[in-house]
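To be precise, the following lines are structure_36.cif, and they hold mmCIF, C-alpha atoms.
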data_model
#
loop_
_atom_site.label_atom_id
_atom_site.label_comp_id
_atom_site.auth_asym_id
_atom_site.auth_seq_id
_atom_site.Cartn_x
_atom_site.Cartn_y
_atom_site.Cartn_z
CA MET W 15 -15.07 14.88 1.91
CA SER W 16 -13.61 11.36 1.93
CA GLU W 17 -13.92 9.02 4.90
CA ASP W 18 -10.13 9.19 5.36
CA ASN W 19 -10.18 12.98 5.56
CA LEU W 20 -13.11 12.88 7.96
CA ALA W 21 -11.28 10.40 10.21
CA GLU W 22 -8.19 12.59 10.18
CA ILE W 23 -10.19 15.63 11.25
CA MET W 24 -12.09 13.73 13.95
CA ILE W 25 -9.00 12.14 15.52
CA ALA W 26 -7.09 15.43 15.51
CA LYS W 27 -10.11 17.21 17.02
CA SER W 28 -10.64 14.61 19.74
CA LEU W 29 -6.94 14.51 20.60
CA GLY W 30 -6.82 18.30 20.77
CA GLU W 31 -9.83 18.38 23.09
CA VAL W 32 -8.21 15.87 25.44
CA ILE W 33 -4.95 17.85 25.47
CA THR W 34 -6.92 21.00 26.32
CA ARG W 35 -8.71 19.21 29.17
CA VAL W 36 -5.39 17.87 30.46
CA ALA W 37 -3.89 21.35 30.46
CA ALA W 38 -6.90 22.78 32.30
CA ALA W 39 -6.84 20.01 34.91
CA THR W 40 -3.09 20.52 35.38
CA GLU W 41 -3.60 24.23 35.96
CA ARG W 42 -6.46 23.63 38.41
CA ALA W 43 -4.25 21.26 40.36
CA GLY W 44 -1.52 23.93 40.58
CA ARG W 45 0.97 21.73 38.78
CA ALA W 46 3.68 23.06 36.50
CA LYS W 47 3.91 20.06 34.19
CA PRO W 48 1.07 18.02 32.65
CA PRO W 49 1.11 14.22 32.82
CA ARG W 50 2.20 12.11 29.90
CA LEU W 51 -0.76 11.30 27.65
CA VAL W 52 -0.81 7.72 26.39
CA ALA W 53 -3.31 7.23 23.56
CA VAL W 54 -4.79 3.78 24.08
CA SER W 55 -5.32 2.31 20.65
CA LYS W 56 -6.38 -1.29 21.34
CA THR W 57 -8.67 -2.77 18.64
CA LYS W 58 -8.16 0.33 16.47
CA PRO W 59 -6.74 0.07 12.94
CA LYS W 60 -3.28 1.42 12.33
CA GLU W 61 -4.70 4.10 10.04
CA LEU W 62 -6.34 5.83 13.02
CA LEU W 63 -3.10 5.67 14.98
CA GLN W 64 -1.36 7.27 12.01
CA GLU W 65 -3.82 10.15 12.16
CA ALA W 66 -3.11 10.69 15.85
CA TYR W 67 0.61 10.53 15.09
CA ALA W 68 0.18 13.14 12.36
CA ALA W 69 -1.50 15.35 14.97
CA GLY W 70 1.58 15.11 17.19
CA GLN W 71 0.87 12.12 19.44
CA ARG W 72 3.90 9.92 20.19
CA PHE W 73 2.91 7.76 23.18
CA PHE W 74 0.52 4.91 22.37
CA GLY W 75 -0.79 2.09 24.55
CA GLU W 76 -1.79 -1.43 23.56
CA ASN W 77 -3.41 -4.23 25.59
CA TYR W 78 -2.77 -7.25 23.40
CA VAL W 79 0.66 -8.61 22.52
CA GLN W 80 -0.30 -9.89 19.07
CA GLU W 81 -1.96 -6.62 18.13
CA LEU W 82 1.10 -4.63 19.15
CA LEU W 83 3.41 -7.00 17.28
CA GLU W 84 1.36 -6.42 14.14
CA LYS W 85 1.06 -2.64 14.46
CA ALA W 86 4.53 -1.62 15.61
CA PRO W 87 6.47 -2.52 12.41
CA GLU W 88 3.95 -0.65 10.25
CA LEU W 89 4.03 2.61 12.18
CA PRO W 90 6.78 5.23 12.71
CA GLU W 91 9.79 4.10 14.71
CA ASP W 92 9.73 7.11 17.02
CA ILE W 93 6.43 6.02 18.56
CA GLN W 94 6.99 5.07 22.18
CA TRP W 95 4.79 2.07 22.95
CA HIS W 96 3.32 1.33 26.36
CA PHE W 97 2.06 -2.19 26.96
CA ILE W 98 -0.86 -1.78 29.37
CA GLY W 99 -2.66 -5.13 29.24
CA HIS W 100 -2.24 -8.33 31.22
CA LEU W 101 1.03 -9.86 30.07
CA GLN W 102 1.25 -13.63 30.17
CA SER W 103 4.68 -14.85 31.22
CA ASN W 104 5.14 -16.92 28.07
CA LYS W 105 4.75 -13.79 25.89
CA ALA W 106 7.28 -11.57 27.66
CA LYS W 107 10.20 -12.47 25.38
CA GLN W 108 8.02 -12.22 22.27
CA LEU W 109 6.92 -8.72 23.24
CA VAL W 110 10.44 -7.48 23.97
CA ASN W 111 11.97 -8.96 20.83
CA GLY W 112 9.13 -7.91 18.56
CA VAL W 113 8.85 -4.25 19.54
CA PRO W 114 12.25 -2.48 19.55
CA ASN W 115 10.59 0.84 20.43
CA LEU W 116 8.79 -0.58 23.46
CA TYR W 117 8.94 2.26 25.98
CA ALA W 118 7.28 0.67 28.98
CA VAL W 119 5.42 -2.32 30.36
CA GLU W 120 2.90 -0.95 32.85
CA THR W 121 1.57 -4.25 34.17
CA VAL W 122 4.30 -6.03 36.11
CA GLU W 123 2.52 -7.94 38.84
CA SER W 124 4.80 -10.80 39.85
CA LEU W 125 8.41 -11.73 40.53
CA LYS W 126 8.18 -14.28 37.73
CA LEU W 127 7.12 -11.72 35.13
CA ALA W 128 9.74 -9.22 36.29
CA ASN W 129 12.46 -11.86 36.01
CA LEU W 130 11.34 -12.95 32.54
CA LEU W 131 11.22 -9.38 31.26
CA ASN W 132 14.66 -8.73 32.73
CA LYS W 133 16.06 -11.79 31.00
CA ALA W 134 14.37 -10.89 27.71
CA VAL W 135 15.79 -7.36 27.75
CA GLU W 136 19.25 -8.69 28.59
CA SER W 137 19.27 -10.77 25.41
CA ALA W 138 17.47 -8.25 23.18
CA GLU W 139 19.20 -6.55 20.28
CA TRP W 140 18.40 -3.09 21.67
CA LYS W 141 20.65 -2.18 24.57
CA ARG W 142 18.83 -0.08 27.14
CA GLN W 143 16.73 -0.58 30.22
CA LEU W 144 13.03 -1.21 29.82
CA ASN W 145 10.75 1.04 31.85
CA VAL W 146 8.32 -0.91 34.01
CA TYR W 147 5.48 -0.03 36.34
CA VAL W 148 4.30 -2.33 39.10
CA GLN W 149 0.54 -2.77 38.77
CA VAL W 150 -1.35 -2.43 42.04
CA ASN W 151 -4.91 -3.63 42.53
CA THR W 152 -6.18 -0.67 44.53
CA SER W 153 -9.87 -1.58 44.37
CA GLY W 154 -9.63 -5.13 45.71
CA GLU W 155 -11.66 -6.42 42.77
CA GLU W 156 -10.95 -10.08 42.03
CA SER W 157 -11.40 -9.41 38.33
CA LYS W 158 -8.48 -6.99 38.29
CA PHE W 159 -4.86 -8.02 37.93
CA GLY W 160 -2.08 -6.51 40.02
CA VAL W 161 -0.49 -7.06 43.40
CA GLY W 162 -2.28 -6.04 46.54
CA PRO W 163 -1.08 -2.82 48.20
CA GLU W 164 0.52 -4.89 50.96
CA GLU W 165 2.66 -6.76 48.39
CA CYS W 166 3.69 -3.74 46.38
CA VAL W 167 6.84 -2.84 48.30
CA ASN W 168 8.39 -6.30 48.04
CA LEU W 169 7.88 -6.51 44.29
CA CYS W 170 9.30 -3.03 43.78
CA LYS W 171 12.32 -3.90 45.92
CA HIS W 172 12.93 -6.96 43.77
CA VAL W 173 12.74 -5.04 40.50
CA HIS W 174 14.97 -2.28 41.87
CA ALA W 175 17.62 -4.58 43.33
CA GLU W 176 17.57 -7.72 41.20
CA CYS W 177 16.46 -6.68 37.70
CA GLN W 178 19.31 -4.57 36.36
CA HIS W 179 17.85 -4.42 32.85
CA LEU W 180 14.56 -2.94 34.09
CA ASN W 181 13.97 0.62 35.23
CA LEU W 182 11.40 0.84 38.02
CA THR W 183 9.49 3.79 36.62
CA GLY W 184 6.53 3.84 38.97
CA LEU W 185 3.19 2.32 39.94
CA MET W 186 0.02 1.77 37.93
CA THR W 187 -3.61 1.09 38.79
CA ILE W 188 -6.79 0.50 36.82
CA GLY W 189 -9.44 1.06 39.46
CA MET W 190 -13.04 -0.04 39.51
CA PRO W 191 -14.86 -2.61 37.30
CA ASP W 192 -16.14 0.14 34.98
CA TYR W 193 -12.56 1.36 34.51
CA THR W 194 -13.09 4.50 36.53
CA SER W 195 -11.50 5.10 39.88
CA ARG W 196 -12.70 6.53 43.14
CA PRO W 197 -10.53 9.01 45.04
CA GLU W 198 -9.57 6.26 47.48
CA ASN W 199 -8.07 4.22 44.62
CA PHE W 200 -5.85 7.12 43.63
CA GLN W 201 -5.01 7.81 47.27
CA CYS W 202 -4.06 4.18 47.77
CA LEU W 203 -1.59 4.36 44.89
CA ASN W 204 -0.11 7.54 46.36
CA GLU W 205 0.33 5.79 49.69
CA CYS W 206 1.96 2.81 48.01
CA ARG W 207 4.41 5.12 46.27
CA ALA W 208 5.33 6.77 49.58
CA LYS W 209 6.06 3.39 51.14
CA VAL W 210 8.11 2.20 48.16
CA ALA W 211 10.15 5.41 48.05
CA ALA W 212 10.86 5.21 51.78
CA GLU W 213 11.93 1.57 51.51
CA LEU W 214 14.20 2.23 48.54
CA GLY W 215 15.57 5.49 49.93
CA ILE W 216 14.54 7.55 46.92
CA GLU W 217 12.41 10.64 46.37
CA GLU W 218 8.69 10.02 45.90
CA ALA W 219 8.71 12.27 42.86
CA SER W 220 11.14 9.93 41.12
CA LEU W 221 8.39 7.31 40.91
CA GLU W 222 5.57 7.93 38.47
CA LEU W 223 1.87 7.31 39.08
CA SER W 224 0.06 5.83 36.10
CA MET W 225 -3.61 6.34 36.89
CA GLY W 226 -6.58 7.83 35.14
CA MET W 227 -8.39 6.85 31.94
CA SER W 228 -11.08 8.36 29.74
CA GLY W 229 -13.67 8.53 32.50
CA ASP W 230 -11.54 9.90 35.30
CA PHE W 231 -8.25 11.34 34.06
CA GLU W 232 -9.02 14.85 35.31
CA SER W 233 -9.57 13.56 38.84
CA ALA W 234 -6.37 11.53 38.54
CA ILE W 235 -4.41 14.61 37.53
CA ASP W 236 -5.76 16.42 40.58
CA MET W 237 -4.42 13.59 42.73
CA GLY W 238 -0.96 13.52 41.20
CA SER W 239 -1.05 11.26 38.15
CA THR W 240 2.00 11.60 35.91
CA ASN W 241 0.80 9.18 33.23
CA ILE W 242 -2.79 8.96 31.97
CA ARG W 243 -4.17 6.38 29.55
CA VAL W 244 -6.95 7.69 27.31
CA GLY W 245 -8.53 5.62 24.56
CA SER W 246 -12.20 5.90 23.63
CA THR W 247 -12.28 9.67 24.17
CA ILE W 248 -9.70 9.97 21.38
CA PHE W 249 -10.49 7.05 19.08
CA GLY W 250 -14.16 6.35 19.79
CA ALA W 251 -15.84 3.19 21.08
CA ARG W 252 -13.89 -0.03 20.69
CA ASP W 253 -14.75 -3.11 18.65
CA TYR W 254 -13.96 -6.33 20.50
CA SER W 255 -15.58 -8.65 17.95
CA ASN W 256 -12.23 -10.09 16.92
CA LYS W 257 -10.86 -10.46 20.45
CA ASN W 258 -11.03 -13.46 22.72
#

Represent the structure contained in this file as C-alpha cells.
Amino acid sequence: MSEDNLAEIMIAKSLGEVITRVAAATERAGRAKPPRLVAVSKTKPKELLQEAYAAGQRFFGENYVQELLEKAPELPEDIQWHFIGHLQSNKAKQLVNGVPNLYAVETVESLKLANLLNKAVESAEWKRQLNVYVQVNTSGEESKFGVGPEECVNLCKHVHAECQHLNLTGLMTIGMPDYTSRPENFQCLNECRAKVAAELGIEEASLELSMGMSGDFESAIDMGSTNIRVGSTIFGARDYSNKN
C-alpha cells in the first residue's frame, strides 16, 4: 500500500472517529443537533486536507494568514475556511482579499480589528457579510489573546451596530495554556453570551459558542458549544519547524 493510500485511510478513519464521538456527546447532552466540526489544519500539507475533504469534511480552520493564503487557491472552492489564529491588524485586508471562501474570523478582539475587517469586506469583490466571533479570554491567562469578559459586551455592541459588513456570529474562547478548558471557562463564555444577547435584545441561541478542541470537545458539547475546533485528533501531531 502506498503512503498516499495509507494517509487517505488514516485521515478518513480519524475523522470518522471524531464524528462518532461528537454524535455520542451530542446525544449524552440531550441535544438535537451536533456542533459544527472545524478541522484545524495548521502546519499540515494540503494533501492531507484533500483527504479530509474527500471524506466529507467542508469546514477547515487555519491559524496563520500566509498558510491560508497559500492553501485556499489550491483546494476546492466549496471549503468554508475559519481563521482561528491571532490576526494582526495589518493582515486583515490581505486575508479578506486573498480568501474568497473565507467563512469566518473567530478571533476578533478589538474595535480596531473589527473596523479594519469591516472596511476590507466592504471593498472586497465578494459581496456578503463576513461571519465573526468575538474572542474572549475566559482563563485570564496573559499569554492568551481576546477581550476580558467585562469588555465583551461593548465589543459585540460595536460589531452589531457599527460594522454592517460583519455578521456577529458568536463568541469564541481557547481556554487554558495547554489548550484545554475547565468547566468554568465554558461557563464564563455562556455567561458572556447571555449578557451580550440581553444587551442586543436578541435570543441567546442566535449567538454561537465556539469552544472545545481536541482535548476537551466532548465537555464543550455538554456545556453548549455549537462550534468545535479539532486538529491533532484528525491530522496527527503538528510540525512547527517552519513557523516563527

Residues selected by the PyMOL selection byres ((chain W and resi 244) around 12), written as number ranges by chain: W: 28-29, 31-33, 35-36, 49-56, 71, 73-76, 98, 188, 193-194, 224-232, 234, 241-243, 245-251

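Close contacts of W:Arg142, defined as residues with an atom at most 9 Å away when counting only C-alpha atoms, with chain neighbours fewer than 3 positions off set aside, comprise Val135, Glu136, His179 and Leu180 of chain W.
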
Tell me which protein, DNA and RNA residues are within 9 Å of stretch 22-27 of chain W, counting all atoms listed in the file, leaving out same-chain ones fewer than 6 positions away, and put them as a compact mmCIF listing (two decimals) with C-alpha atoms, in the frame of the given file.
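This went into result.txt:
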# COMPACT_ATOMS: atom_id res chain seq x y z
CA LEU W 62 -6.34 5.83 13.02
CA LEU W 63 -3.10 5.67 14.98
CA GLN W 64 -1.36 7.27 12.01
CA GLU W 65 -3.82 10.15 12.16
CA ALA W 66 -3.11 10.69 15.85
CA ALA W 68 0.18 13.14 12.36
CA ALA W 69 -1.50 15.35 14.97
CA GLY W 70 1.58 15.11 17.19
CA ILE W 248 -9.70 9.97 21.38
CA PHE W 249 -10.49 7.05 19.08
CA GLY W 250 -14.16 6.35 19.79

Test item: which residues lie within 12 Å of (7.8, -1.9, 12.8) counting only C-alpha atoms, as a PyMOL selection string: chain W and resi 60+82-95+111-116

Length of the atom CA of W:His96 to atom CA of W:Asn77 vector [Å]: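 These two atoms are separated by 8.8 Å.
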
Could you give me, as CSV, every stretch 180-258 of chain W residue with an atom at most 10 Å from stretch 117-122 of chain W, plus its closest atom pair and distance in Å to one decimal, counting all atoms listed in the file, rows ordered by chain then number?
residue,atom,partner,partner_atom,distance
W:Leu180,CA,W:Ala118,CA,9.6
W:Asn181,CA,W:Ala118,CA,9.2
W:Leu182,CA,W:Ala118,CA,9.9
W:Thr183,CA,W:Ala118,CA,8.5
W:Gly184,CA,W:Glu120,CA,8.6
W:Leu185,CA,W:Glu120,CA,7.8
W:Met186,CA,W:Glu120,CA,6.4
W:Thr187,CA,W:Thr121,CA,8.8
W:Ile188,CA,W:Thr121,CA,10.0
W:Ser224,CA,W:Glu120,CA,8.0

Shortest interatomic distance to W:Glu198 - which of W:Cys177, W:Ala39, W:Met237, W:Val161, counting only C-alpha atoms: W:Met237

Pick from W:Arg207, W:His174, W:Lys105, W:Lys133 nearest to W:Gln80, counting all atoms listed in the file: W:Lys105

Residues selected by the PyMOL selection byres ((chain W and resi 102) around 12), written as JSON, numbers by chain: {"W": [77, 78, 79, 80, 97, 99, 100, 101, 103, 104, 105, 106, 107, 108, 109, 121, 122, 123, 124, 126, 127, 128, 130, 131, 159]}

Two-atom distance - atom CA of W:Val150, atom CA of W:Pro163 (Å):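 These atoms are spaced 6.2 Å apart.
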
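Picture a line from atom CA of W:Asn129 to atom CA of W:Glu164; it runs 20.4 Å.
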
Spatial neighbours of W:Val210, max dist 9 Å, all atoms listed in the file, sep filter under 3 positions, as a PyMOL selection string: chain W and resi 166-168+170-171+205-207+213-216+218+221

Just C-alpha atoms for this one: save the residues we selected as a PDB file, in the frame of the given file.
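Result file is result03.pdb:
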ATOM      1  CA  CYS W 166       3.690  -3.740  46.380  1.00  0.00           C
ATOM      2  CA  VAL W 167       6.840  -2.840  48.300  1.00  0.00           C
ATOM      3  CA  ASN W 168       8.390  -6.300  48.040  1.00  0.00           C
ATOM      4  CA  CYS W 170       9.300  -3.030  43.780  1.00  0.00           C
ATOM      5  CA  LYS W 171      12.320  -3.900  45.920  1.00  0.00           C
ATOM      6  CA  GLU W 205       0.330   5.790  49.690  1.00  0.00           C
ATOM      7  CA  CYS W 206       1.960   2.810  48.010  1.00  0.00           C
ATOM      8  CA  ARG W 207       4.410   5.120  46.270  1.00  0.00           C
ATOM      9  CA  GLU W 213      11.930   1.570  51.510  1.00  0.00           C
ATOM     10  CA  LEU W 214      14.200   2.230  48.540  1.00  0.00           C
ATOM     11  CA  GLY W 215      15.570   5.490  49.930  1.00  0.00           C
ATOM     12  CA  ILE W 216      14.540   7.550  46.920  1.00  0.00           C
ATOM     13  CA  GLU W 218       8.690  10.020  45.900  1.00  0.00           C
ATOM     14  CA  LEU W 221       8.390   7.310  40.910  1.00  0.00           C
TER      15      LEU W 221
END

Could I see stretch 47-68 of chain W restored to N, CA, C and O atoms, set down as a compact mmCIF listing (two decimals), in the coordinates of the input?
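Output contents, as saved in part_35.txt:
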# COMPACT_ATOMS: atom_id res chain seq x y z
N LYS W 47 3.70 20.92 35.36
CA LYS W 47 3.91 20.06 34.19
C LYS W 47 2.74 19.08 34.05
O LYS W 47 2.36 18.42 35.01
N PRO W 48 2.17 18.97 32.85
CA PRO W 48 1.07 18.02 32.65
C PRO W 48 1.58 16.58 32.65
O PRO W 48 2.77 16.34 32.41
N PRO W 49 0.70 15.62 32.88
CA PRO W 49 1.11 14.22 32.82
C PRO W 49 1.35 13.79 31.37
O PRO W 49 0.90 14.46 30.43
N ARG W 50 2.04 12.71 31.22
CA ARG W 50 2.20 12.11 29.90
C ARG W 50 0.83 11.57 29.45
O ARG W 50 0.11 10.93 30.21
N LEU W 51 0.50 11.81 28.21
CA LEU W 51 -0.76 11.30 27.65
C LEU W 51 -0.45 10.09 26.77
O LEU W 51 0.23 10.22 25.75
N VAL W 52 -0.95 8.94 27.18
CA VAL W 52 -0.81 7.72 26.39
C VAL W 52 -2.14 7.48 25.67
O VAL W 52 -3.18 7.33 26.31
N ALA W 53 -2.10 7.48 24.35
CA ALA W 53 -3.31 7.23 23.56
C ALA W 53 -3.50 5.73 23.43
O ALA W 53 -2.70 5.04 22.80
N VAL W 54 -4.56 5.23 24.05
CA VAL W 54 -4.79 3.78 24.08
C VAL W 54 -5.53 3.36 22.81
O VAL W 54 -6.68 3.75 22.59
N SER W 55 -4.85 2.58 22.00
CA SER W 55 -5.32 2.31 20.65
C SER W 55 -5.73 0.86 20.42
O SER W 55 -5.83 0.41 19.28
N LYS W 56 -6.02 0.12 21.49
CA LYS W 56 -6.38 -1.29 21.34
C LYS W 56 -7.64 -1.43 20.48
O LYS W 56 -8.58 -0.65 20.60
N THR W 57 -7.62 -2.40 19.60
CA THR W 57 -8.67 -2.77 18.64
C THR W 57 -8.81 -1.76 17.51
O THR W 57 -9.63 -1.95 16.61
N LYS W 58 -8.03 -0.69 17.50
CA LYS W 58 -8.16 0.33 16.47
C LYS W 58 -7.19 0.06 15.32
O LYS W 58 -6.04 -0.35 15.54
N PRO W 59 -7.63 0.29 14.09
CA PRO W 59 -6.74 0.07 12.94
C PRO W 59 -5.58 1.05 12.93
O PRO W 59 -5.69 2.17 13.43
N LYS W 60 -4.50 0.61 12.33
CA LYS W 60 -3.28 1.42 12.33
C LYS W 60 -3.48 2.77 11.64
O LYS W 60 -2.77 3.74 11.95
N GLU W 61 -4.45 2.84 10.73
CA GLU W 61 -4.70 4.10 10.04
C GLU W 61 -5.14 5.21 11.01
O GLU W 61 -4.77 6.37 10.85
N LEU W 62 -5.92 4.84 12.03
CA LEU W 62 -6.34 5.83 13.02
C LEU W 62 -5.17 6.26 13.90
O LEU W 62 -5.07 7.42 14.30
N LEU W 63 -4.29 5.32 14.20
CA LEU W 63 -3.10 5.67 14.98
C LEU W 63 -2.23 6.63 14.18
O LEU W 63 -1.64 7.57 14.74
N GLN W 64 -2.16 6.40 12.86
CA GLN W 64 -1.36 7.27 12.01
C GLN W 64 -1.90 8.68 12.02
O GLN W 64 -1.14 9.66 12.00
N GLU W 65 -3.22 8.81 12.10
CA GLU W 65 -3.82 10.15 12.16
C GLU W 65 -3.46 10.84 13.47
O GLU W 65 -3.18 12.05 13.50
N ALA W 66 -3.50 10.11 14.57
CA ALA W 66 -3.11 10.69 15.85
C ALA W 66 -1.63 11.07 15.84
O ALA W 66 -1.23 12.11 16.38
N TYR W 67 -0.83 10.23 15.21
CA TYR W 67 0.61 10.53 15.09
C TYR W 67 0.81 11.81 14.29
O TYR W 67 1.62 12.68 14.66
N ALA W 68 0.06 11.95 13.20
CA ALA W 68 0.18 13.14 12.36
C ALA W 68 -0.22 14.40 13.13
O ALA W 68 0.27 15.50 12.83
